[in-house]
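**Student:** Below you will find the structure I want to go over with you.
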Amino acid sequence: QEYVSNALRFIQYNYASDIGVNDIANYVGISRSQLYRAFLQDFDISPHTYLQKYRINEACSLLHSTNITVAEVAGSVGFNDPLYFSRVFKSLKGMTPSEYQRRKNKT
């Protein structure tokens, strides 16, 4: 769907900013519920979950390739609260961002 591809492009270019599902839906020009249904159909997850996973994957790249702090990584990928970032990271990756960084730096 064109809506979903436009939403993905918007996420790709704006994930580091303070954006949410409403911003994505507004950009695409559909309602929040239409966007939700489109994401469920294409990815089996909500737009919010997709955005979180995208941000966490970008955070993994930063944790792996830089030596910036976890708080700086959190801010760089659109999380204003480092503690919330750590909770989301752990729920998706099974370890804290610090643990992830330590493991990646050992390899």
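Residue names in the structure tokens use chain letters A, B, ... in the order shown, residue numbers from 1 in each chain, and ligand numbers from 1 in the order shown.
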Would you please give, as a PyMOL selection string, all residues of range 11-91 of chain A that DSSP assigns to helix (DSSP H, G or I) based on the backbone?
**Tutor:** chain A and resi 11-14+21-28+32-43+47-65+70-76+82-91
**Student:** Find the distance between CA of Leu51 in chain A and CA of Ile11 in chain A and write it in Å to one decimal.
**Tutor:**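 For CA of Leu51 in chain A relative to CA of Ile11 in chain A, the distance reads 6.9 Å.
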**Student:** So that I can check the surroundings of Tyr3 in chain A, please list as a list in words every protein, DNA and RNA residue that reaches within 10 Å of it, counting only C-alpha atoms and ignoring chain neighbours fewer than 3 positions away.
**Tutor:**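 After dropping sequence-adjacent residues, the list is Asn6, Ala7, Leu8, Arg9, Ile24, Ala25, Tyr27, Val28, Gly29, Ile30, Gln34, Leu35, Ala38 and Phe39 of chain A.
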**Student:** Residues of the last selection are to be written out with N, CA, C and O atoms, as a compact mmCIF listing (two decimals), in the first residue's frame.
**Tutor:**
```txt
# COMPACT_ATOMS: atom_id res chain seq x y z
N ASN A 6 4.63 5.28 2.48
CA ASN A 6 4.84 6.66 2.90
C ASN A 6 5.08 6.75 4.40
O ASN A 6 5.91 7.54 4.85
N ALA A 7 4.38 5.94 5.17
CA ALA A 7 4.57 5.92 6.62
C ALA A 7 5.98 5.44 6.95
O ALA A 7 6.65 6.01 7.83
N LEU A 8 6.45 4.41 6.27
CA LEU A 8 7.79 3.89 6.52
C LEU A 8 8.86 4.92 6.18
O LEU A 8 9.85 5.08 6.91
N ARG A 9 8.65 5.63 5.10
CA ARG A 9 9.59 6.69 4.71
C ARG A 9 9.61 7.79 5.77
O ARG A 9 10.68 8.27 6.15
N ILE A 24 2.56 10.34 12.20
CA ILE A 24 2.70 9.48 11.02
C ILE A 24 1.39 9.49 10.22
O ILE A 24 1.40 9.67 9.00
N ALA A 25 0.27 9.30 10.92
CA ALA A 25 -1.03 9.28 10.25
C ALA A 25 -1.31 10.61 9.56
O ALA A 25 -1.80 10.64 8.42
N TYR A 27 0.87 12.77 8.43
CA TYR A 27 1.75 12.89 7.27
C TYR A 27 1.20 12.10 6.08
O TYR A 27 1.18 12.58 4.95
N VAL A 28 0.75 10.89 6.37
CA VAL A 28 0.25 10.01 5.31
C VAL A 28 -1.12 10.48 4.81
O VAL A 28 -1.47 10.24 3.66
N GLY A 29 -1.87 11.14 5.69
CA GLY A 29 -3.17 11.66 5.29
C GLY A 29 -4.32 10.70 5.54
O GLY A 29 -5.33 10.73 4.82
N ILE A 30 -4.15 9.83 6.53
CA ILE A 30 -5.22 8.92 6.91
C ILE A 30 -5.42 8.98 8.42
O ILE A 30 -4.60 9.57 9.13
N GLN A 34 -7.00 3.88 10.58
CA GLN A 34 -6.68 3.33 9.25
C GLN A 34 -5.21 2.92 9.18
O GLN A 34 -4.88 1.88 8.62
N LEU A 35 -4.34 3.75 9.75
CA LEU A 35 -2.92 3.44 9.77
C LEU A 35 -2.67 2.16 10.58
O LEU A 35 -1.91 1.29 10.17
N ALA A 38 -3.68 -0.82 8.54
CA ALA A 38 -2.73 -1.06 7.45
C ALA A 38 -1.46 -1.74 7.97
O ALA A 38 -0.94 -2.67 7.34
N PHE A 39 -0.96 -1.29 9.11
CA PHE A 39 0.24 -1.90 9.69
C PHE A 39 -0.03 -3.33 10.16
O PHE A 39 0.81 -4.21 9.98
```
**Student:** Could you name the residues that touch Ile19 in chain A at 12 Å or less, counting only C-alpha atoms, but leaving out those on the same chain fewer than 4 positions away, as a PyMOL selection string?
**Tutor:** chain A and resi 7+10-15+23-27+47-48+51-52+55+77-80
**Student:** Using N, CA and C atoms, can you export the residues from the last selection as a compact mmCIF listing (two decimals), in the first residue's frame?
**Tutor:**
```txt
# COMPACT_ATOMS: atom_id res chain seq x y z
N ALA A 7 4.38 5.94 5.17
CA ALA A 7 4.57 5.92 6.62
C ALA A 7 5.98 5.44 6.95
N PHE A 10 8.44 8.16 6.26
CA PHE A 10 8.35 9.18 7.30
C PHE A 10 9.09 8.73 8.57
N ILE A 11 8.89 7.49 8.95
CA ILE A 11 9.59 6.95 10.13
C ILE A 11 11.09 6.96 9.91
N GLN A 12 11.52 6.52 8.74
CA GLN A 12 12.95 6.45 8.43
C GLN A 12 13.63 7.82 8.56
N TYR A 13 12.96 8.86 8.11
CA TYR A 13 13.56 10.19 8.13
C TYR A 13 13.32 10.97 9.42
N ASN A 14 12.38 10.52 10.24
CA ASN A 14 12.00 11.31 11.42
C ASN A 14 12.06 10.57 12.75
N TYR A 15 12.54 9.31 12.76
CA TYR A 15 12.52 8.52 13.98
C TYR A 15 13.27 9.17 15.14
N ASP A 23 1.42 11.71 14.33
CA ASP A 23 2.25 12.44 13.35
C ASP A 23 2.39 11.64 12.06
N ILE A 24 2.56 10.34 12.20
CA ILE A 24 2.70 9.48 11.02
C ILE A 24 1.39 9.49 10.22
N ALA A 25 0.27 9.30 10.92
CA ALA A 25 -1.03 9.28 10.25
C ALA A 25 -1.31 10.61 9.56
N ASN A 26 -1.00 11.71 10.24
CA ASN A 26 -1.21 13.04 9.64
C ASN A 26 -0.37 13.21 8.38
N TYR A 27 0.87 12.77 8.43
CA TYR A 27 1.75 12.89 7.27
C TYR A 27 1.20 12.10 6.08
N PRO A 47 1.57 0.46 14.41
CA PRO A 47 2.55 1.48 14.00
C PRO A 47 3.46 1.87 15.17
N HIS A 48 2.91 1.94 16.36
CA HIS A 48 3.70 2.29 17.55
C HIS A 48 4.80 1.26 17.78
N LEU A 51 7.48 1.58 15.13
CA LEU A 51 8.34 2.73 15.41
C LEU A 51 9.33 2.39 16.53
N GLN A 52 8.86 1.75 17.59
CA GLN A 52 9.76 1.38 18.68
C GLN A 52 10.84 0.42 18.20
N ARG A 55 13.41 2.26 16.12
CA ARG A 55 14.29 3.06 16.96
C ARG A 55 15.30 2.18 17.71
N VAL A 77 17.88 8.44 19.12
CA VAL A 77 16.90 7.63 18.39
C VAL A 77 15.46 7.98 18.77
N GLY A 78 15.26 9.14 19.42
CA GLY A 78 13.92 9.64 19.64
C GLY A 78 13.28 9.34 20.99
N PHE A 79 14.06 8.82 21.93
CA PHE A 79 13.54 8.59 23.28
C PHE A 79 14.00 9.73 24.18
N ASN A 80 13.06 10.46 24.74
CA ASN A 80 13.42 11.57 25.63
C ASN A 80 13.80 11.10 27.02
```
**Student:** So that I can see what lies close to Lys53 in chain A, please list as a list of chain:residue names the residues with an atom at most 10 Å from it, counting only C-alpha atoms and leaving out residues fewer than 3 positions away in the same chain.
**Tutor:**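 The neighbour list is A:Pro47, A:His48, A:Thr49, A:Tyr50, A:Ile56, A:Asn57, A:Glu58, A:Ala59, A:Val88, A:Phe89, A:Leu92, A:Lys93.
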**Student:** Take the residues from that selection and put them in a file with N, CA and C atoms, as a PDB file, in the first residue's frame.
**Tutor:**
```pdb
ATOM      1  N   PRO A  47       1.567   0.465  14.406  1.00  0.00           N
ATOM      2  CA  PRO A  47       2.546   1.475  13.996  1.00  0.00           C
ATOM      3  C   PRO A  47       3.457   1.873  15.165  1.00  0.00           C
ATOM      4  N   HIS A  48       2.905   1.936  16.364  1.00  0.00           N
ATOM      5  CA  HIS A  48       3.696   2.292  17.547  1.00  0.00           C
ATOM      6  C   HIS A  48       4.800   1.257  17.784  1.00  0.00           C
ATOM      7  N   THR A  49       4.442  -0.007  17.705  1.00  0.00           N
ATOM      8  CA  THR A  49       5.424  -1.077  17.902  1.00  0.00           C
ATOM      9  C   THR A  49       6.471  -1.038  16.796  1.00  0.00           C
ATOM     10  N   TYR A  50       6.050  -0.804  15.562  1.00  0.00           N
ATOM     11  CA  TYR A  50       6.998  -0.702  14.447  1.00  0.00           C
ATOM     12  C   TYR A  50       7.992   0.428  14.704  1.00  0.00           C
ATOM     13  N   ILE A  56      14.853   1.049  18.213  1.00  0.00           N
ATOM     14  CA  ILE A  56      15.748   0.167  18.948  1.00  0.00           C
ATOM     15  C   ILE A  56      16.802  -0.430  18.010  1.00  0.00           C
ATOM     16  N   ASN A  57      16.428  -0.772  16.793  1.00  0.00           N
ATOM     17  CA  ASN A  57      17.413  -1.278  15.834  1.00  0.00           C
ATOM     18  C   ASN A  57      18.452  -0.212  15.492  1.00  0.00           C
ATOM     19  N   GLU A  58      18.010   1.025  15.367  1.00  0.00           N
ATOM     20  CA  GLU A  58      18.963   2.112  15.126  1.00  0.00           C
ATOM     21  C   GLU A  58      19.871   2.296  16.349  1.00  0.00           C
ATOM     22  N   ALA A  59      19.293   2.142  17.534  1.00  0.00           N
ATOM     23  CA  ALA A  59      20.080   2.244  18.770  1.00  0.00           C
ATOM     24  C   ALA A  59      21.140   1.146  18.815  1.00  0.00           C
ATOM     25  N   VAL A  88      12.196  -0.364  27.128  1.00  0.00           N
ATOM     26  CA  VAL A  88      11.763  -0.815  25.798  1.00  0.00           C
ATOM     27  C   VAL A  88      12.859  -1.674  25.165  1.00  0.00           C
ATOM     28  N   PHE A  89      14.099  -1.238  25.291  1.00  0.00           N
ATOM     29  CA  PHE A  89      15.227  -1.973  24.728  1.00  0.00           C
ATOM     30  C   PHE A  89      15.274  -3.381  25.308  1.00  0.00           C
ATOM     31  N   LEU A  92      12.557  -5.727  24.058  1.00  0.00           N
ATOM     32  CA  LEU A  92      12.716  -6.169  22.672  1.00  0.00           C
ATOM     33  C   LEU A  92      13.974  -7.006  22.446  1.00  0.00           C
ATOM     34  N   LYS A  93      15.034  -6.727  23.192  1.00  0.00           N
ATOM     35  CA  LYS A  93      16.324  -7.398  22.954  1.00  0.00           C
ATOM     36  C   LYS A  93      16.719  -8.393  24.041  1.00  0.00           C
TER      37      LYS A  93
END
```
